[in-house]
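A.B. asks: So here's query24.tsv, just TSV, C-alpha atoms:
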chain	number	residue	atom	x	y	z
A	1	MET	CA	57.85	-51.04	-19.52
A	2	LYS	CA	55.71	-52.30	-16.63
A	3	MET	CA	56.69	-55.65	-15.11
A	4	ILE	CA	53.27	-57.14	-15.85
A	5	ASP	CA	53.62	-56.15	-19.51
A	6	LEU	CA	57.03	-57.81	-19.66
A	7	GLU	CA	55.65	-61.01	-18.16
A	8	ASN	CA	52.77	-61.01	-20.64
A	9	SER	CA	55.30	-60.62	-23.47
A	10	PHE	CA	57.06	-63.80	-22.31
A	11	LEU	CA	53.80	-65.74	-22.28
A	12	GLU	CA	52.68	-64.37	-25.64
A	13	SER	CA	56.09	-65.32	-27.09
A	14	GLY	CA	55.59	-68.97	-26.18
A	15	TYR	CA	57.44	-69.14	-22.89
A	16	ILE	CA	56.12	-71.14	-19.95
A	17	LYS	CA	56.21	-69.69	-16.44
A	18	GLU	CA	58.08	-72.20	-14.28
A	19	SER	CA	58.16	-70.01	-11.14
A	20	ASP	CA	58.18	-66.33	-10.22
A	21	ASN	CA	60.20	-64.46	-12.87
A	22	PHE	CA	61.53	-67.74	-14.34
A	23	PHE	CA	60.40	-68.82	-17.80
A	24	THR	CA	61.35	-71.65	-20.14
A	25	ARG	CA	60.28	-73.29	-23.38
A	26	ASN	CA	59.23	-76.92	-23.77
A	27	LYS	CA	62.15	-79.08	-22.72
A	28	ASN	CA	64.13	-80.82	-25.47
A	29	ASP	CA	67.66	-82.00	-26.17
A	30	SER	CA	68.89	-78.66	-27.52
A	31	ASP	CA	70.71	-77.95	-24.26
A	32	ARG	CA	72.87	-81.09	-24.33
A	33	TYR	CA	75.89	-79.27	-25.77
A	34	VAL	CA	75.97	-76.86	-22.80
A	35	GLU	CA	75.76	-79.57	-20.12
A	36	ASN	CA	79.28	-78.72	-19.01
A	37	PHE	CA	78.31	-75.14	-18.17
A	38	GLY	CA	75.42	-76.30	-16.02
A	39	ILE	CA	77.77	-78.58	-14.08
A	40	GLN	CA	80.44	-75.88	-13.87
A	41	TRP	CA	78.24	-73.19	-12.38
A	42	GLU	CA	76.44	-75.58	-10.05
A	43	LYS	CA	79.87	-76.48	-8.65
A	44	PHE	CA	81.25	-72.92	-8.59
A	45	GLN	CA	78.06	-71.03	-7.81
A	46	LYS	CA	79.56	-67.98	-6.14
A	47	THR	CA	83.27	-68.15	-7.01
A	48	GLN	CA	83.22	-65.20	-9.44
A	49	LEU	CA	80.63	-63.00	-7.75
A	50	ASP	CA	81.99	-59.66	-6.56
A	51	SER	CA	79.77	-59.90	-3.49
A	52	PHE	CA	81.48	-63.19	-2.61
A	53	THR	CA	85.09	-62.31	-3.45
A	54	GLY	CA	84.92	-58.88	-1.85
A	55	ASN	CA	86.58	-57.23	-4.85
A	56	SER	CA	85.31	-55.56	-8.01
A	57	LEU	CA	86.81	-57.76	-10.74
A	58	THR	CA	83.47	-58.20	-12.51
A	59	GLU	CA	82.37	-54.59	-12.25
A	60	SER	CA	85.78	-53.34	-13.37
A	61	ARG	CA	85.76	-55.69	-16.35
A	62	LEU	CA	82.29	-54.53	-17.35
A	63	VAL	CA	83.22	-50.84	-17.26
A	64	ASN	CA	86.60	-51.32	-18.93
A	65	CYS	CA	85.29	-53.48	-21.76
A	66	SER	CA	81.89	-51.90	-22.48
A	67	GLY	CA	82.63	-48.27	-21.65
A	68	TRP	CA	79.11	-48.04	-20.20
A	69	ASN	CA	78.21	-45.55	-17.50
A	70	LEU	CA	76.67	-47.95	-15.00
A	71	ASN	CA	74.71	-45.19	-13.30
A	72	SER	CA	72.73	-44.87	-16.54
A	73	LEU	CA	71.38	-48.43	-16.19
A	74	LYS	CA	68.78	-47.50	-13.58
A	75	GLY	CA	65.28	-48.31	-14.81
A	76	LYS	CA	66.56	-49.35	-18.25
A	77	LEU	CA	65.74	-52.66	-19.94
A	78	LEU	CA	68.82	-54.83	-20.34
A	79	LEU	CA	69.14	-58.14	-22.17
A	80	GLU	CA	71.85	-60.49	-20.95
A	81	LEU	CA	72.62	-63.27	-23.43
A	82	GLY	CA	74.29	-66.02	-21.43
A	83	SER	CA	74.64	-65.55	-17.70
A	84	GLY	CA	76.57	-68.40	-16.13
A	85	ALA	CA	76.16	-68.13	-12.37
A	86	GLY	CA	75.22	-64.45	-12.70
A	87	ARG	CA	78.41	-62.54	-12.00
A	88	PHE	CA	77.38	-59.71	-14.36
A	89	THR	CA	73.67	-60.04	-13.52
A	90	GLU	CA	74.57	-59.04	-9.99
A	91	ILE	CA	76.19	-55.81	-11.21
A	92	PHE	CA	73.29	-54.89	-13.49
A	93	LEU	CA	70.83	-55.29	-10.62
A	94	LYS	CA	73.10	-53.35	-8.28
A	95	TYR	CA	72.74	-50.35	-10.60
A	96	GLY	CA	68.98	-50.69	-10.96
A	97	ALA	CA	68.55	-52.23	-14.42
A	98	ILE	CA	65.54	-54.36	-15.34
A	99	VAL	CA	67.31	-57.52	-16.51
A	100	VAL	CA	66.11	-60.25	-18.86
A	101	SER	CA	68.76	-62.95	-18.63
A	102	VAL	CA	68.77	-65.75	-21.22
A	103	GLU	CA	70.71	-68.93	-20.41
A	104	LEU	CA	70.34	-72.34	-22.08
A	105	SER	CA	72.22	-74.44	-19.52
A	106	ASN	CA	71.12	-75.34	-16.00
A	107	ALA	CA	73.22	-72.40	-14.83
A	108	ALA	CA	69.95	-70.48	-15.29
A	109	TYR	CA	68.78	-71.98	-12.00
A	110	VAL	CA	72.03	-70.97	-10.28
A	111	ASN	CA	71.66	-67.38	-11.44
A	112	TYR	CA	68.05	-67.40	-10.27
A	113	ARG	CA	69.12	-68.46	-6.77
A	114	ASN	CA	72.10	-66.12	-6.63
A	115	ASN	CA	70.31	-62.99	-7.81
A	116	LYS	CA	66.59	-63.45	-7.18
A	117	ASN	CA	65.12	-59.99	-7.55
A	118	ASN	CA	61.90	-58.38	-8.73
A	119	ASN	CA	63.93	-56.71	-11.49
A	120	LEU	CA	65.35	-60.01	-12.80
A	121	PHE	CA	63.62	-62.28	-15.31
A	122	ILE	CA	65.33	-65.56	-16.18
A	123	ILE	CA	64.66	-67.19	-19.55
A	124	LYS	CA	65.97	-70.74	-19.94
A	125	ASP	CA	66.30	-70.91	-23.69
A	126	SER	CA	68.81	-70.81	-26.51
A	127	LEU	CA	69.94	-67.23	-26.94
A	128	VAL	CA	69.89	-67.71	-30.71
A	129	ASN	CA	66.21	-68.73	-30.56
A	130	PHE	CA	65.28	-65.99	-28.10
A	131	ASN	CA	62.46	-63.84	-29.41
A	132	LEU	CA	60.31	-61.51	-27.34
A	133	LYS	CA	57.32	-60.03	-29.13
A	134	GLY	CA	57.07	-56.25	-29.05
A	135	VAL	CA	60.09	-55.70	-26.77
A	136	LYS	CA	63.40	-54.05	-27.60
A	137	PHE	CA	66.23	-53.38	-25.16
A	138	ASP	CA	68.17	-50.31	-24.11
A	139	TYR	CA	71.24	-52.48	-23.52
A	140	VAL	CA	72.31	-55.88	-24.86
A	141	PHE	CA	75.18	-57.67	-23.15
A	142	CYS	CA	76.90	-60.91	-24.18
A	143	TYR	CA	80.23	-61.94	-22.59
A	144	GLY	CA	81.82	-65.40	-22.57
A	145	VAL	CA	79.33	-66.86	-25.02
A	146	ALA	CA	79.91	-66.15	-28.73
A	147	GLN	CA	82.82	-68.58	-29.15
A	148	HIS	CA	80.86	-71.39	-27.47
A	149	VAL	CA	77.91	-71.74	-29.87
A	150	PRO	CA	77.71	-73.73	-33.14
A	151	ASN	CA	77.62	-70.56	-35.27
A	152	PRO	CA	79.01	-67.44	-33.52
A	153	ILE	CA	77.60	-65.05	-36.14
A	154	ASN	CA	74.11	-65.89	-34.86
A	155	VAL	CA	75.01	-64.39	-31.49
A	156	TYR	CA	75.88	-61.05	-33.06
A	157	GLN	CA	72.76	-61.01	-35.21
A	158	THR	CA	70.52	-61.86	-32.25
A	159	SER	CA	72.12	-59.13	-30.15
A	160	VAL	CA	71.53	-56.45	-32.79
A	161	LYS	CA	67.99	-57.67	-33.52
A	162	ASN	CA	66.98	-57.04	-29.90
A	163	LEU	CA	68.39	-53.50	-29.65
A	164	LYS	CA	66.11	-50.50	-29.28
A	165	SER	CA	66.47	-48.27	-32.36
A	166	ASN	CA	68.43	-45.01	-32.13
A	167	THR	CA	69.70	-45.38	-28.56
A	168	GLY	CA	70.32	-49.07	-27.88
A	169	LEU	CA	73.86	-50.07	-26.87
A	170	LEU	CA	75.47	-53.48	-27.14
A	171	THR	CA	78.69	-55.08	-25.97
A	172	ILE	CA	79.91	-58.55	-26.99
A	173	ASP	CA	83.23	-60.21	-26.27
A	174	HIS	CA	85.00	-63.01	-28.12
A	175	TYR	CA	88.11	-65.15	-27.69
A	176	TRP	CA	90.99	-63.66	-29.67
A	177	LYS	CA	93.09	-65.61	-32.17
A	178	ARG	CA	96.03	-63.31	-31.54
A	179	LEU	CA	98.53	-64.65	-34.07
A	180	GLY	CA	96.09	-64.93	-36.95
A	181	ASN	CA	94.96	-67.94	-38.95
A	182	LYS	CA	98.37	-69.08	-40.19
A	183	ILE	CA	99.67	-70.19	-36.78
A	184	PRO	CA	97.62	-72.91	-35.01
A	185	CYS	CA	96.25	-71.80	-31.66
A	186	PHE	CA	97.64	-74.85	-29.85
A	187	ILE	CA	101.17	-73.58	-30.48
A	188	TYR	CA	100.67	-70.72	-28.02
A	189	TYR	CA	97.55	-71.78	-26.09
A	190	ASN	CA	97.84	-75.39	-25.02
A	191	LYS	CA	94.16	-76.01	-24.31
A	192	TYR	CA	93.65	-76.44	-28.07
A	193	LEU	CA	96.15	-79.30	-28.00
A	194	TRP	CA	94.02	-81.19	-25.48
A	195	ARG	CA	90.46	-80.22	-26.45
A	196	PRO	CA	90.11	-82.90	-29.20
A	197	LEU	CA	90.43	-85.44	-26.37
A	198	THR	CA	88.77	-83.70	-23.42
A	199	THR	CA	85.59	-82.76	-25.29
A	200	LYS	CA	84.95	-86.46	-25.87
A	201	LEU	CA	84.77	-87.13	-22.12
A	202	SER	CA	81.55	-86.71	-20.21
A	203	PRO	CA	81.59	-83.39	-18.29
A	204	LYS	CA	81.34	-85.19	-14.95
A	205	HIS	CA	84.36	-87.38	-15.68
A	206	LEU	CA	86.29	-84.43	-17.06
A	207	LEU	CA	85.70	-82.44	-13.88
A	208	ILE	CA	87.13	-85.29	-11.80
A	209	LEU	CA	90.18	-85.47	-14.09
A	210	VAL	CA	90.72	-81.70	-13.93
A	211	LYS	CA	90.60	-81.80	-10.13
A	212	ILE	CA	93.28	-84.53	-10.02
A	213	ILE	CA	95.54	-82.76	-12.52
A	214	SER	CA	95.16	-79.44	-10.70
A	215	ILE	CA	95.97	-80.88	-7.27
A	216	ILE	CA	99.08	-82.62	-8.61
A	217	PHE	CA	100.50	-79.99	-10.95
A	218	LEU	CA	99.31	-76.60	-9.67
A	219	PRO	CA	101.93	-76.41	-6.85
A	220	PHE	CA	104.72	-76.93	-9.41
A	221	ASP	CA	103.16	-74.42	-11.80
A	222	ILE	CA	103.01	-71.84	-9.00
A	223	ILE	CA	106.73	-72.39	-8.32
A	224	LEU	CA	107.54	-71.86	-12.01
A	225	LYS	CA	105.45	-68.70	-12.11
A	226	ARG	CA	107.07	-67.43	-8.92
A	227	ILE	CA	110.71	-67.88	-9.92
A	228	PHE	CA	110.75	-67.19	-13.67
A	229	PRO	CA	110.06	-63.95	-15.58
A	230	TRP	CA	106.70	-63.94	-17.36
A	231	LYS	CA	108.12	-64.55	-20.87
A	232	ILE	CA	110.24	-67.48	-19.70
A	233	TYR	CA	107.26	-68.93	-17.83
A	234	LYS	CA	105.14	-68.76	-21.00
A	235	ILE	CA	107.86	-70.52	-23.02
A	236	ILE	CA	108.00	-73.28	-20.41
A	237	LYS	CA	104.22	-73.63	-20.64
A	238	ILE	CA	104.54	-74.10	-24.41
A	239	LEU	CA	107.26	-76.73	-24.01
A	240	ILE	CA	105.43	-78.52	-21.17
A	241	PRO	CA	101.79	-78.15	-22.27
A	242	ILE	CA	99.97	-79.15	-19.09
A	243	PRO	CA	96.57	-77.43	-19.26
A	244	LEU	CA	96.19	-75.33	-16.10
A	245	SER	CA	94.70	-71.93	-15.37
A	246	ASN	CA	97.06	-70.57	-12.74
A	247	TYR	CA	95.78	-67.53	-10.84
A	248	PHE	CA	98.87	-67.11	-8.70
A	249	GLY	CA	99.81	-63.42	-8.71
A	250	VAL	CA	96.56	-62.34	-10.38
A	251	PHE	CA	95.25	-59.08	-8.96
A	252	GLY	CA	91.91	-59.38	-7.20
A	253	ILE	CA	92.18	-63.12	-6.50
A	254	LYS	CA	92.92	-64.13	-2.92
A	255	GLN	CA	96.33	-65.78	-2.88
A	256	ASP	CA	95.77	-68.64	-0.44
A	257	PHE	CA	96.25	-72.03	-2.12
A	258	LYS	CA	92.64	-73.14	-1.61
A	259	THR	CA	91.30	-70.13	-3.53
A	260	ILE	CA	93.88	-70.42	-6.32
A	261	LEU	CA	93.08	-74.13	-6.66
A	262	ASN	CA	89.35	-73.43	-6.79
A	263	TRP	CA	89.78	-70.87	-9.59
A	264	CYS	CA	92.20	-73.23	-11.36
A	265	VAL	CA	89.73	-76.14	-11.42
A	266	MET	CA	86.85	-73.86	-12.45
A	267	ASP	CA	88.68	-72.20	-15.34
A	268	THR	CA	90.55	-75.30	-16.56
A	269	PHE	CA	87.28	-77.23	-16.69
A	270	ASP	CA	85.76	-74.30	-18.58
A	271	MET	CA	88.45	-74.24	-21.26
A	272	LEU	CA	88.61	-78.02	-21.74
A	273	GLY	CA	84.93	-78.89	-21.46
A	274	ALA	CA	83.10	-76.51	-23.79
A	275	LYS	CA	81.88	-78.40	-26.86
A	276	TYR	CA	82.53	-75.40	-29.10
A	277	ASP	CA	85.45	-73.00	-28.86
A	278	GLU	CA	85.99	-70.77	-31.89
A	279	PRO	CA	88.36	-67.84	-31.39
A	280	TRP	CA	88.41	-65.09	-34.01
A	281	THR	CA	90.99	-62.75	-35.46
A	282	ILE	CA	90.40	-59.01	-35.38
A	283	ASP	CA	89.73	-59.11	-39.13
A	284	GLN	CA	87.01	-61.76	-38.66
A	285	LEU	CA	85.27	-59.62	-36.06
A	286	LYS	CA	85.57	-56.52	-38.26
A	287	SER	CA	84.00	-58.37	-41.16
A	288	VAL	CA	81.03	-59.44	-39.04
A	289	ALA	CA	80.66	-56.00	-37.44
A	290	MET	CA	80.47	-54.36	-40.86
A	291	SER	CA	77.60	-56.67	-41.83
A	292	LEU	CA	75.51	-55.81	-38.76
A	293	ASP	CA	72.75	-53.21	-38.78
A	294	LEU	CA	74.52	-50.76	-36.45
A	295	GLU	CA	74.83	-47.00	-36.59
A	296	SER	CA	78.39	-47.17	-35.29
A	297	TYR	CA	80.71	-49.59	-33.55
A	298	GLU	CA	84.17	-49.94	-32.07
A	299	ILE	CA	86.43	-52.97	-31.73
A	300	LYS	CA	89.05	-53.12	-29.03
A	301	THR	CA	91.31	-55.70	-27.44
A	302	VAL	CA	91.52	-56.41	-23.74
A	303	THR	CA	94.31	-58.69	-22.55
A	304	ASN	CA	93.86	-58.24	-18.80
A	305	ASN	CA	90.58	-59.19	-17.09
A	306	GLY	CA	88.81	-59.82	-20.37
A	307	ASN	CA	88.38	-62.39	-23.16
A	308	GLY	CA	90.40	-60.58	-25.82
A	309	LEU	CA	88.12	-59.02	-28.44
A	310	ILE	CA	85.32	-56.58	-27.65
A	311	LEU	CA	82.62	-55.25	-29.99
A	312	ASN	CA	80.71	-52.23	-28.70
A	313	GLY	CA	77.94	-50.81	-30.85
A	314	LEU	CA	75.11	-48.30	-31.16
A	315	ALA	CA	71.76	-49.29	-32.70
A	316	LYS	CA	70.82	-48.05	-36.17
A	317	ARG	CA	69.00	-44.75	-36.22
A	318	GLN	CA	65.57	-44.69	-37.79
A	319	ASN	CA	64.37	-41.70	-39.81
A	320	ILE	CA	61.38	-40.11	-38.16
A	321	LYS	CA	58.91	-38.87	-40.78
Show the structure stored in the file as structure tokens.

C.D. replies:
Amino acid sequence: MKMIDLENSFLESGYIKESDNFFTRNKNDSDRYVENFGIQWEKFQKTQLDSFTGNSLTESRLVNCSGWNLNSLKGKLLLELGSGAGRFTEIFLKYGAIVVSVELSNAAYVNYRNNKNNNLFIIKDSLVNFNLKGVKFDYVFCYGVAQHVPNPINVYQTSVKNLKSNTGLLTIDHYWKRLGNKIPCFIYYNKYLWRPLTTKLSPKHLLILVKIISIIFLPFDIILKRIFPWKIYKIIKILIPIPLSNYFGVFGIKQDFKTILNWCVMDTFDMLGAKYDEPWTIDQLKSVAMSLDLESYEIKTVTNNGNGLILNGLAKRQNIK
């Protein structure tokens, strides 16, 4: 598809051109529930970008989770549902994809600045409401989003709806409720113990609180992680449920204290500030996958450098008469 045709499709679909390759709908209050993500990625604009860290954490995660051959992205139309600061956008552009990136929060502006490119079109809109007349995508990508919307099923349906028939590929990840529905998540993941309180704070106040907690407790948490075996450390974290994302010893993250603290504040704020956080069991994801209009799909789990559950799928084939 020619770039001018793509731009015309945005305008015909009711989007307003705010600047070059940046489109939005009429402003309303629908983005209030994602205010925390706008604040988060304005504060940590480049923290996760491979070009900034000097490693390939993002690219490796993309390949490992999706199974995509990135060299096949060149010249293909790719829909990114939820972008944050653009850590994955950067990889798609690196391999030559034409990217339409949909982001409801003000992180859309961060991604625009980080990855401004003739092949990148930013749409500031709800991904569930996203509708582009006459355009289907070779690839649909949605990581770090499904669990953070009011109704996660809508994310899956929107992703499939925008796939090009016969050849379109999608990949979606989702937080994993690893021990099923009978055991409350807060028993083994302490953020769910605190979220009923932290989600009532304004995002700005929560960020200040997270910074204070991280500065005070991260040094002690690093000591615990350094001296105890992993299983003992996890038991201690259950018994002393201080909510901290500790990146000490994590491959690909620079191990100076300033960097570890920065990642700690970023990720702790992320897990405590999102208005919605709905992890799923494997059976829940299977049930949804079976209801989608896909030719085939696979579900896999990723426990290292990933969000847990991954759905990869191929668009439904259409009979050619």

A.B. asks: Any idea what's packed within 8 Å of Asp138 of chain A, counting all atoms listed in the file, ignoring anything in its chain fewer than 3 positions away? Could you give it as a compact mmCIF listing (two decimals) with C-alpha atoms, in the coordinates of the input?

C.D. replies:
# COMPACT_ATOMS: atom_id res chain seq x y z
CA LYS A 76 66.56 -49.35 -18.25
CA LEU A 77 65.74 -52.66 -19.94
CA LEU A 78 68.82 -54.83 -20.34
CA LEU A 163 68.39 -53.50 -29.65
CA LYS A 164 66.11 -50.50 -29.28
CA THR A 167 69.70 -45.38 -28.56
CA GLY A 168 70.32 -49.07 -27.88
CA LEU A 169 73.86 -50.07 -26.87

A.B. asks: Kindly indicate which residue among A:Val128, A:Gly273, A:Tyr95, A:Lys200 lies nearest to Asn69 of chain A, using all atoms listed in the file for the distances.

C.D. replies: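 The shortest atom-to-atom distance to Asn69 of chain A comes from A:Tyr95.
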
A.B. asks: Counting only C-alpha atoms, find the residues whose atoms lie at most 12 Å from (78.4, -77.0, -13.7) (file coordinates) and write them out as a PyMOL selection string.

C.D. replies: chain A and resi 34-46+84-85+105-111+203-204+206-207+265-267+269-270+273-274

A.B. asks: Could you save those same residues with C-alpha atoms as a PDB file, in the frame of the given file?

C.D. replies:
ATOM      1  CA  VAL A  34      75.970 -76.860 -22.800  1.00  0.00           C
ATOM      2  CA  GLU A  35      75.760 -79.570 -20.120  1.00  0.00           C
ATOM      3  CA  ASN A  36      79.280 -78.720 -19.010  1.00  0.00           C
ATOM      4  CA  PHE A  37      78.310 -75.140 -18.170  1.00  0.00           C
ATOM      5  CA  GLY A  38      75.420 -76.300 -16.020  1.00  0.00           C
ATOM      6  CA  ILE A  39      77.770 -78.580 -14.080  1.00  0.00           C
ATOM      7  CA  GLN A  40      80.440 -75.880 -13.870  1.00  0.00           C
ATOM      8  CA  TRP A  41      78.240 -73.190 -12.380  1.00  0.00           C
ATOM      9  CA  GLU A  42      76.440 -75.580 -10.050  1.00  0.00           C
ATOM     10  CA  LYS A  43      79.870 -76.480  -8.650  1.00  0.00           C
ATOM     11  CA  PHE A  44      81.250 -72.920  -8.590  1.00  0.00           C
ATOM     12  CA  GLN A  45      78.060 -71.030  -7.810  1.00  0.00           C
ATOM     13  CA  LYS A  46      79.560 -67.980  -6.140  1.00  0.00           C
ATOM     14  CA  GLY A  84      76.570 -68.400 -16.130  1.00  0.00           C
ATOM     15  CA  ALA A  85      76.160 -68.130 -12.370  1.00  0.00           C
ATOM     16  CA  SER A 105      72.220 -74.440 -19.520  1.00  0.00           C
ATOM     17  CA  ASN A 106      71.120 -75.340 -16.000  1.00  0.00           C
ATOM     18  CA  ALA A 107      73.220 -72.400 -14.830  1.00  0.00           C
ATOM     19  CA  ALA A 108      69.950 -70.480 -15.290  1.00  0.00           C
ATOM     20  CA  TYR A 109      68.780 -71.980 -12.000  1.00  0.00           C
ATOM     21  CA  VAL A 110      72.030 -70.970 -10.280  1.00  0.00           C
ATOM     22  CA  ASN A 111      71.660 -67.380 -11.440  1.00  0.00           C
ATOM     23  CA  PRO A 203      81.590 -83.390 -18.290  1.00  0.00           C
ATOM     24  CA  LYS A 204      81.340 -85.190 -14.950  1.00  0.00           C
ATOM     25  CA  LEU A 206      86.290 -84.430 -17.060  1.00  0.00           C
ATOM     26  CA  LEU A 207      85.700 -82.440 -13.880  1.00  0.00           C
ATOM     27  CA  VAL A 265      89.730 -76.140 -11.420  1.00  0.00           C
ATOM     28  CA  MET A 266      86.850 -73.860 -12.450  1.00  0.00           C
ATOM     29  CA  ASP A 267      88.680 -72.200 -15.340  1.00  0.00           C
ATOM     30  CA  PHE A 269      87.280 -77.230 -16.690  1.00  0.00           C
ATOM     31  CA  ASP A 270      85.760 -74.300 -18.580  1.00  0.00           C
ATOM     32  CA  GLY A 273      84.930 -78.890 -21.460  1.00  0.00           C
ATOM     33  CA  ALA A 274      83.100 -76.510 -23.790  1.00  0.00           C
TER      34      ALA A 274
END

A.B. asks: Quick one: pull the distance between atom CA of Thr199 of chain A and atom CA of Lys275 of chain A, Å, one decimal.

C.D. replies: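 Between atom CA of Thr199 of chain A and atom CA of Lys275 of chain A the gap is 5.9 Å.
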
A.B. asks: So, with all atoms listed in the file as the atoms that count, which of A:Thr58, A:Thr171, A:Gln157, A:Asn190 lies closest to Ile236 of chain A?

C.D. replies: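 Closest to Ile236 of chain A, using all atoms listed in the file: A:Asn190.
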
A.B. asks: Give me, as a Markdown table, the closest atom pair and its distance (Å, one decimal) for every residue of segment 261-319 of chain A within a cut-off of 9 Å of segment 150-155 of chain A, counting all atoms listed in the file, rows sorted by chain and rising number.

C.D. replies:
| residue | atom | partner | partner_atom | distance |
| --- | --- | --- | --- | --- |
| A:Lys275 | CA | A:Pro150 | CA | 8.9 |
| A:Tyr276 | CA | A:Pro150 | CA | 6.5 |
| A:Asp277 | CA | A:Pro150 | CA | 8.9 |
| A:Glu278 | CA | A:Pro152 | CA | 7.9 |
| A:Val288 | CA | A:Ile153 | CA | 7.2 |

A.B. asks: Enter the distance from atom CA of Arg226 of chain A to atom CA of Thr303 of chain A, in Å, rounded to one decimal.

C.D. replies: 20.6 Å

A.B. asks: Interatomic distance between atom CA of Ile208 of chain A and atom CA of Thr47 of chain A?

C.D. replies: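 Result for atom CA of Ile208 of chain A versus atom CA of Thr47 of chain A: 18.2 Å, one decimal.
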
A.B. asks: So that I can check the surroundings of Arg317 of chain A, please list as number ranges by chain every protein, DNA and RNA residue that reaches within 8 Å of it, counting only C-alpha atoms and ignoring chain neighbours fewer than 5 positions away.

C.D. replies: A: 165-167, 295

A.B. asks: Would you kindly return, as a CSV table (one decimal) with C-alpha atoms, keeping the file's coordinate frame, each protein, DNA or RNA residue with an atom no farther than 12 Å from any atom of Leu244 of chain A, considering only C-alpha atoms and excluding same-chain residues fewer than 4 positions away?

C.D. replies:
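Output saved as out13.csv:
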chain,number,residue,atom,x,y,z
A,189,TYR,CA,97.6,-71.8,-26.1
A,190,ASN,CA,97.8,-75.4,-25.0
A,191,LYS,CA,94.2,-76.0,-24.3
A,194,TRP,CA,94.0,-81.2,-25.5
A,209,LEU,CA,90.2,-85.5,-14.1
A,210,VAL,CA,90.7,-81.7,-13.9
A,211,LYS,CA,90.6,-81.8,-10.1
A,212,ILE,CA,93.3,-84.5,-10.0
A,213,ILE,CA,95.5,-82.8,-12.5
A,214,SER,CA,95.2,-79.4,-10.7
A,215,ILE,CA,96.0,-80.9,-7.3
A,216,ILE,CA,99.1,-82.6,-8.6
A,217,PHE,CA,100.5,-80.0,-11.0
A,218,LEU,CA,99.3,-76.6,-9.7
A,219,PRO,CA,101.9,-76.4,-6.8
A,220,PHE,CA,104.7,-76.9,-9.4
A,221,ASP,CA,103.2,-74.4,-11.8
A,222,ILE,CA,103.0,-71.8,-9.0
A,237,LYS,CA,104.2,-73.6,-20.6
A,238,ILE,CA,104.5,-74.1,-24.4
A,240,ILE,CA,105.4,-78.5,-21.2
A,248,PHE,CA,98.9,-67.1,-8.7
A,260,ILE,CA,93.9,-70.4,-6.3
A,261,LEU,CA,93.1,-74.1,-6.7
A,262,ASN,CA,89.4,-73.4,-6.8
A,263,TRP,CA,89.8,-70.9,-9.6
A,264,CYS,CA,92.2,-73.2,-11.4
A,265,VAL,CA,89.7,-76.1,-11.4
A,266,MET,CA,86.8,-73.9,-12.4
A,267,ASP,CA,88.7,-72.2,-15.3
A,268,THR,CA,90.6,-75.3,-16.6
A,269,PHE,CA,87.3,-77.2,-16.7
A,270,ASP,CA,85.8,-74.3,-18.6
A,271,MET,CA,88.4,-74.2,-21.3
A,272,LEU,CA,88.6,-78.0,-21.7

A.B. asks: Using 6 Å of padding on each side, determine the axis-aligned box around all atoms of segment 307-312 of chain A present in the file and give its centre and edge lengths in Å to one decimal, as AutoDock Vina command-line options.

C.D. replies:
--center_x 85.6 --center_y -57.3 --center_z -26.6 --size_x 21.7 --size_y 22.2 --size_z 18.8

A.B. asks: Got a sec to check which residues sit within 9 Å of (88.6, -56.9, -14.5), counting all atoms listed in the file, and write them as a PDB file with C-alpha atoms, keeping the file's coordinate frame?

C.D. replies:
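Final file, selection-v5.pdb:
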ATOM      1  CA  SER A  56      85.310 -55.560  -8.010  1.00  0.00           C
ATOM      2  CA  LEU A  57      86.810 -57.760 -10.740  1.00  0.00           C
ATOM      3  CA  THR A  58      83.470 -58.200 -12.510  1.00  0.00           C
ATOM      4  CA  GLU A  59      82.370 -54.590 -12.250  1.00  0.00           C
ATOM      5  CA  SER A  60      85.780 -53.340 -13.370  1.00  0.00           C
ATOM      6  CA  ARG A  61      85.760 -55.690 -16.350  1.00  0.00           C
ATOM      7  CA  LEU A  62      82.290 -54.530 -17.350  1.00  0.00           C
ATOM      8  CA  VAL A  63      83.220 -50.840 -17.260  1.00  0.00           C
ATOM      9  CA  ASN A  64      86.600 -51.320 -18.930  1.00  0.00           C
ATOM     10  CA  CYS A  65      85.290 -53.480 -21.760  1.00  0.00           C
ATOM     11  CA  PHE A 251      95.250 -59.080  -8.960  1.00  0.00           C
ATOM     12  CA  GLY A 252      91.910 -59.380  -7.200  1.00  0.00           C
ATOM     13  CA  ASN A 304      93.860 -58.240 -18.800  1.00  0.00           C
ATOM     14  CA  ASN A 305      90.580 -59.190 -17.090  1.00  0.00           C
ATOM     15  CA  GLY A 306      88.810 -59.820 -20.370  1.00  0.00           C
TER      16      GLY A 306
END

A.B. asks: Would you mind putting N, CA and C atoms back on segment 21-26 of chain A and writing the result as a CSV table (one decimal), in the coordinates of the input?

C.D. replies:
chain,number,residue,atom,x,y,z
A,21,ASN,N,59.1,-65.1,-12.1
A,21,ASN,CA,60.2,-64.5,-12.9
A,21,ASN,C,61.1,-65.5,-13.5
A,22,PHE,N,60.7,-66.7,-13.7
A,22,PHE,CA,61.5,-67.7,-14.3
A,22,PHE,C,60.7,-68.4,-15.4
A,23,PHE,N,61.2,-68.3,-16.7
A,23,PHE,CA,60.4,-68.8,-17.8
A,23,PHE,C,61.3,-69.8,-18.6
A,24,THR,N,60.6,-70.7,-19.3
A,24,THR,CA,61.4,-71.6,-20.1
A,24,THR,C,60.5,-72.0,-21.3
A,25,ARG,N,61.1,-72.7,-22.3
A,25,ARG,CA,60.3,-73.3,-23.4
A,25,ARG,C,60.1,-74.8,-23.1
A,26,ASN,N,59.4,-75.5,-23.9
A,26,ASN,CA,59.2,-76.9,-23.8
A,26,ASN,C,60.6,-77.6,-23.8
